[in-house]
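Undergrad: Structure below; questions to follow.
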Amino acid sequence: PIILGIESTCDETAAGIVQGNTLLANVVASSMDMHARYGGVIPEIASRAHAEAFVPVVQKALESANLDLSDIDGIAVSAGPGLAGCLAVGVSGAKALALAANKPIYGINHVIGHISVTQLQFGAIPENALALIVSGGHTSLLQVKDIARDVRIVGTTLDDAAGECFDKIARLLGFPYPGGPHIDRHAKLGDKNALRVPQGLTKGNAGKQHPYDFSFSGVKTAVARWIEQRQEQGEPIPVDDVCASLADSVADVLSGKAMKACKALGSDTLIVGGGFSANSQLREALLAKGKQQHVEVRLPRRELCTDNGSMVAMLGSNLMNAGVEPSPLDFSIDSAMALDQIVMH
Ligand code: ATP
Ligand code: MG
Ligand code: FE
């Protein structure tokens, strides 16, 4: 089937069209520039930008695929997790399209979309794969028994997401928002052993909800305190060394836990997604450990890692192919959608 996917969970208004594992269109409009001067996404500004971008983005996607709405077999839209006001715009728009064109609609889980999208580059997701989804809002390890029917949570962050931790430290170092890519660049020039960065939750089960949970607030606090102490003493900050130490620690924790979970759960494929998976240190660590442990690491190209519409379309396509019931037209958004819920009923 040909599926149109619509995304509006945060600051990207996006529409993608897929047919099987082939990408027919992928149009993304971002309101990031409007948020940069506030140092983070402002929900009201993002919602308004979605309302303005929705129609042109969908039109552009259909045009670039050379299709009419009537050629589409189904519509998928991110129903959560995300910012409520933003989700409401995309979901209302998608429902209007589904009603007007009389097509089935799937209100899908955005985070699981980050897993599905890898099919465009690597083909079908094997049974019992493991997925590591890392972004500004999420750090999750998911066991994918069956992408259309059975996804289980094996780890989430108990506090900050990895991208959020990078963005906060980047701010202290004077980089503009989002700071993750700046830390990546400077980390390549520094000494990763310059600072001792705590790893957090490497031992024991205290406070954990799942066997492979993460915690990055201790990392953030330790690095922030180190920077502030030097500033108070009037000493210069070795920016490259701070970036290298932070990036090495976070990459080590993420890749280490993901590989441990692969071993314990018998997975030989690790699927990676979310904006933070663009991070060089994480990619290197995952590939090196994957090679050692004979795990195939599926690292998608950059435009498939960040929020887009084809990830939503791809999960919709998985659901339709599996014969999963579409969502009722009155399904609601769920800003805190559980990560093991694939579709709204
Ligand atoms: P969501 O969490 O809902 O998926 P998001 O907009 O926060 O949405 P993305 O757009 O997928 O997520 O990712 C943005 C995050 O990724 C930011 O925190 C940014 O700093 C981080 N990031 C992007 N590139 C890099 C990089 N090369 N190194 C480190 N972090 C990066
Ligand atoms: Mg974003
Ligand atoms: Fe995302």
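Following the order of the structure tokens, first chain is A, next is B, and so on, with residues numbered from 1 inside each chain and ligands from 1 in the order they appear.
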Which polymer residues have any atom within 7 Å of an atom of region 248-259 of chain A, counting only C-alpha atoms, with same-chain residues fewer than 4 positions away left out, as JSON, numbers by chain?
TA: {"A": [132, 192, 197, 199, 212, 244, 263, 281, 282, 285, 286]}
Undergrad: For those residues, write N, CA and C atoms to a file as a PDB file, in the first residue's frame.
TA:
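Result file selection00.pdb:
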```pdb
ATOM      1  N   LEU A 132      17.486   1.019  20.035  1.00  0.00           N
ATOM      2  CA  LEU A 132      17.961   2.096  20.911  1.00  0.00           C
ATOM      3  C   LEU A 132      17.533   3.414  20.272  1.00  0.00           C
ATOM      4  N   LYS A 192      39.562  12.722  26.098  1.00  0.00           N
ATOM      5  CA  LYS A 192      38.377  12.147  26.753  1.00  0.00           C
ATOM      6  C   LYS A 192      38.656  11.725  28.190  1.00  0.00           C
ATOM      7  N   VAL A 197      33.818  11.582  34.412  1.00  0.00           N
ATOM      8  CA  VAL A 197      32.375  11.761  34.305  1.00  0.00           C
ATOM      9  C   VAL A 197      31.705  10.501  34.847  1.00  0.00           C
ATOM     10  N   GLN A 199      29.102   7.466  35.459  1.00  0.00           N
ATOM     11  CA  GLN A 199      28.355   6.731  34.443  1.00  0.00           C
ATOM     12  C   GLN A 199      26.886   6.555  34.793  1.00  0.00           C
ATOM     13  N   TYR A 212      17.271  -2.206  31.962  1.00  0.00           N
ATOM     14  CA  TYR A 212      18.352  -1.435  31.329  1.00  0.00           C
ATOM     15  C   TYR A 212      18.052   0.066  31.324  1.00  0.00           C
ATOM     16  N   ALA A 244      34.896  16.107  24.923  1.00  0.00           N
ATOM     17  CA  ALA A 244      35.395  14.749  24.675  1.00  0.00           C
ATOM     18  C   ALA A 244      35.056  13.826  25.843  1.00  0.00           C
ATOM     19  N   LYS A 263      22.647  -9.176  24.177  1.00  0.00           N
ATOM     20  CA  LYS A 263      23.155 -10.471  24.614  1.00  0.00           C
ATOM     21  C   LYS A 263      22.106 -11.183  25.475  1.00  0.00           C
ATOM     22  N   GLN A 281      30.507   9.993  18.320  1.00  0.00           N
ATOM     23  CA  GLN A 281      31.096   9.143  19.354  1.00  0.00           C
ATOM     24  C   GLN A 281      30.202   7.930  19.617  1.00  0.00           C
ATOM     25  N   LEU A 282      28.880   8.149  19.603  1.00  0.00           N
ATOM     26  CA  LEU A 282      27.956   7.027  19.809  1.00  0.00           C
ATOM     27  C   LEU A 282      28.026   6.048  18.637  1.00  0.00           C
ATOM     28  N   ALA A 285      31.201   3.970  18.878  1.00  0.00           N
ATOM     29  CA  ALA A 285      31.150   3.005  19.980  1.00  0.00           C
ATOM     30  C   ALA A 285      30.227   1.839  19.636  1.00  0.00           C
ATOM     31  N   LEU A 286      29.089   2.141  19.027  1.00  0.00           N
ATOM     32  CA  LEU A 286      28.133   1.081  18.685  1.00  0.00           C
ATOM     33  C   LEU A 286      28.711   0.139  17.636  1.00  0.00           C
TER      34      LEU A 286
END
```
Undergrad: Taking only C-alpha atoms and all ligand atoms into account, produce a table as CSV in which each residue of chain A with an atom at most 7 Å from an atom of ligand 2 appears once, together with its shortest atom pair and the distance in Å to one decimal, ordered by chain and rising number.
TA:
```
residue,atom,partner,partner_atom_place_in_ligand_line,distance
A:Cys10,CA,ligand 2,1 (Mg),5.9
A:Asp11,CA,ligand 2,1 (Mg),5.2
A:Glu12,CA,ligand 2,1 (Mg),5.8
A:Thr306,CA,ligand 2,1 (Mg),6.8
A:Asp307,CA,ligand 2,1 (Mg),6.0
```
Undergrad: Please produce an output containing C-alpha atoms for each residue in the selection, written as a tab-separated table (two decimals), in the first residue's frame.
TA:
```tsv
chain	number	residue	atom	x	y	z
A	10	CYS	CA	7.74	18.71	18.50
A	11	ASP	CA	9.25	21.32	16.19
A	12	GLU	CA	9.11	19.51	12.83
A	306	THR	CA	15.71	13.03	12.93
A	307	ASP	CA	11.95	13.54	13.13
```
Undergrad: Around ligand 3, out to 9 Å and counting only C-alpha atoms and all ligand atoms, which residues are there? I want them as a compact mmCIF listing (two decimals) with C-alpha atoms, in the first residue's frame.
TA:
```txt
# COMPACT_ATOMS: atom_id res chain seq x y z
CA THR A 9 5.24 15.91 17.88
CA CYS A 10 7.74 18.71 18.50
CA GLY A 82 5.00 14.72 22.26
CA HIS A 110 6.28 8.37 17.25
CA VAL A 111 9.09 6.53 19.07
CA GLY A 113 8.20 5.14 14.08
CA HIS A 114 11.92 5.83 14.69
CA ILE A 133 16.09 5.37 20.36
CA VAL A 134 18.00 8.46 21.49
CA SER A 135 16.91 12.08 20.95
CA GLY A 136 16.33 15.35 22.74
CA GLY A 137 13.28 13.87 24.45
CA HIS A 138 13.91 10.12 24.57
CA GLY A 273 17.23 6.00 15.78
CA GLY A 274 16.40 9.51 17.02
CA GLY A 275 18.30 12.77 16.48
CA CYS A 305 17.32 9.68 12.23
CA THR A 306 15.71 13.03 12.93
CA ASP A 307 11.95 13.54 13.13
CA ASN A 308 10.27 13.14 9.73
```
Undergrad: Can you list, as a list of chain:residue names, every residue of region 240-276 of chain A that DSSP puts in strand (DSSP E or B)?
TA: A:Thr269, A:Leu270, A:Ile271, A:Val272, A:Gly273
Undergrad: Give me, as number ranges by chain, all polymer residues having an atom no more than 8 Å from region 15-26 of chain A, counting only C-alpha atoms and skipping those fewer than 5 positions away in the same chain.
TA: A: 1-7, 57-58, 61-62, 64-65, 119-120, 123-124, 308-314, 317
Undergrad: Now that the selection is made, can you save its residues with C-alpha atoms as a PDB file, in the first residue's frame?
TA:
```
ATOM      1  CA  PRO A   1       0.000   0.000   0.000  1.00  0.00           C
ATOM      2  CA  ILE A   2       0.921   3.666  -0.410  1.00  0.00           C
ATOM      3  CA  ILE A   3       0.908   5.396   2.983  1.00  0.00           C
ATOM      4  CA  LEU A   4       1.049   9.095   3.841  1.00  0.00           C
ATOM      5  CA  GLY A   5       2.671   9.784   7.228  1.00  0.00           C
ATOM      6  CA  ILE A   6       2.296  13.018   9.174  1.00  0.00           C
ATOM      7  CA  GLU A   7       4.548  14.163  12.010  1.00  0.00           C
ATOM      8  CA  VAL A  57       3.998  20.401   3.669  1.00  0.00           C
ATOM      9  CA  VAL A  58       1.378  17.753   2.799  1.00  0.00           C
ATOM     10  CA  ALA A  61       4.892  15.714  -0.344  1.00  0.00           C
ATOM     11  CA  LEU A  62       2.051  14.659  -2.666  1.00  0.00           C
ATOM     12  CA  SER A  64       6.980  15.470  -5.168  1.00  0.00           C
ATOM     13  CA  ALA A  65       5.648  11.881  -5.244  1.00  0.00           C
ATOM     14  CA  GLN A 119      13.367  -0.419   6.805  1.00  0.00           C
ATOM     15  CA  LEU A 120      13.788   2.217   4.098  1.00  0.00           C
ATOM     16  CA  GLY A 123      14.852  -3.742   4.705  1.00  0.00           C
ATOM     17  CA  ALA A 124      12.484  -5.672   6.968  1.00  0.00           C
ATOM     18  CA  ASN A 308      10.275  13.139   9.728  1.00  0.00           C
ATOM     19  CA  GLY A 309       7.076  11.897   8.076  1.00  0.00           C
ATOM     20  CA  SER A 310       8.423   8.767   6.411  1.00  0.00           C
ATOM     21  CA  MET A 311       9.008   7.154   9.831  1.00  0.00           C
ATOM     22  CA  VAL A 312       5.317   7.610  10.572  1.00  0.00           C
ATOM     23  CA  ALA A 313       4.282   6.363   7.131  1.00  0.00           C
ATOM     24  CA  MET A 314       6.538   3.301   7.472  1.00  0.00           C
ATOM     25  CA  SER A 317       2.536   0.578   6.373  1.00  0.00           C
TER      26      SER A 317
END
```
Undergrad: Using 10 Å as the limit and counting only C-alpha atoms, can you tabulate each residue of region 195-300 of chain A that touches region 166-181 of chain A, with its shortest atom-to-atom distance in Å and the two atoms involved, as a Markdown table?
TA:
```
| residue | atom | partner | partner_atom | distance |
| --- | --- | --- | --- | --- |
| A:Phe216 | CA | A:Phe166 | CA | 9.6 |
| A:Val219 | CA | A:Phe166 | CA | 9.8 |
| A:Lys220 | CA | A:Ile169 | CA | 6.8 |
| A:Thr221 | CA | A:Ile169 | CA | 9.1 |
| A:Val223 | CA | A:Ile169 | CA | 7.4 |
| A:Ala224 | CA | A:Ile169 | CA | 6.5 |
| A:Ile227 | CA | A:Leu172 | CA | 7.9 |
| A:Glu228 | CA | A:Leu172 | CA | 8.6 |
| A:Ile237 | CA | A:Leu173 | CA | 8.3 |
| A:Pro238 | CA | A:Leu173 | CA | 9.7 |
| A:Val239 | CA | A:Leu173 | CA | 7.0 |
| A:Val242 | CA | A:Leu173 | CA | 9.1 |
| A:Cys243 | CA | A:Ala170 | CA | 8.5 |
| A:Leu246 | CA | A:Phe166 | CA | 8.1 |
| A:Ala247 | CA | A:Phe166 | CA | 8.3 |
| A:Val250 | CA | A:Phe166 | CA | 9.2 |
| A:Gly275 | CA | A:Gly180 | CA | 9.4 |
| A:Phe276 | CA | A:Gly180 | CA | 7.6 |
| A:Ala278 | CA | A:Pro181 | CA | 8.3 |
| A:Asn279 | CA | A:Pro181 | CA | 7.2 |
| A:Ser280 | CA | A:Pro181 | CA | 9.1 |
```
Undergrad: Would you mind writing down, as a ChimeraX atom specification, each residue of region 146-208 of chain A that DSSP on the backbone assigns to alpha helix (DSSP H)?
TA: /A:162-172,180-187
Undergrad: Which of these, A:Ile342, A:Val89, A:Val28, A:Arg196, has the shortest distance to Arg149 (chain A) once you count only C-alpha atoms?
TA: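 Once distances to Arg149 (chain A) are computed over only C-alpha atoms, the minimum belongs to A:Ile342.
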Undergrad: Work out how far apart CA of Ala53 (chain A) and atom 23 (C, counted along the ligand's line) of ligand 1 are and give it in Å to one decimal.
TA: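 Separating CA of Ala53 (chain A) from atom 23 (C, counted along the ligand's line) of ligand 1 is a distance of 22.5 Å.
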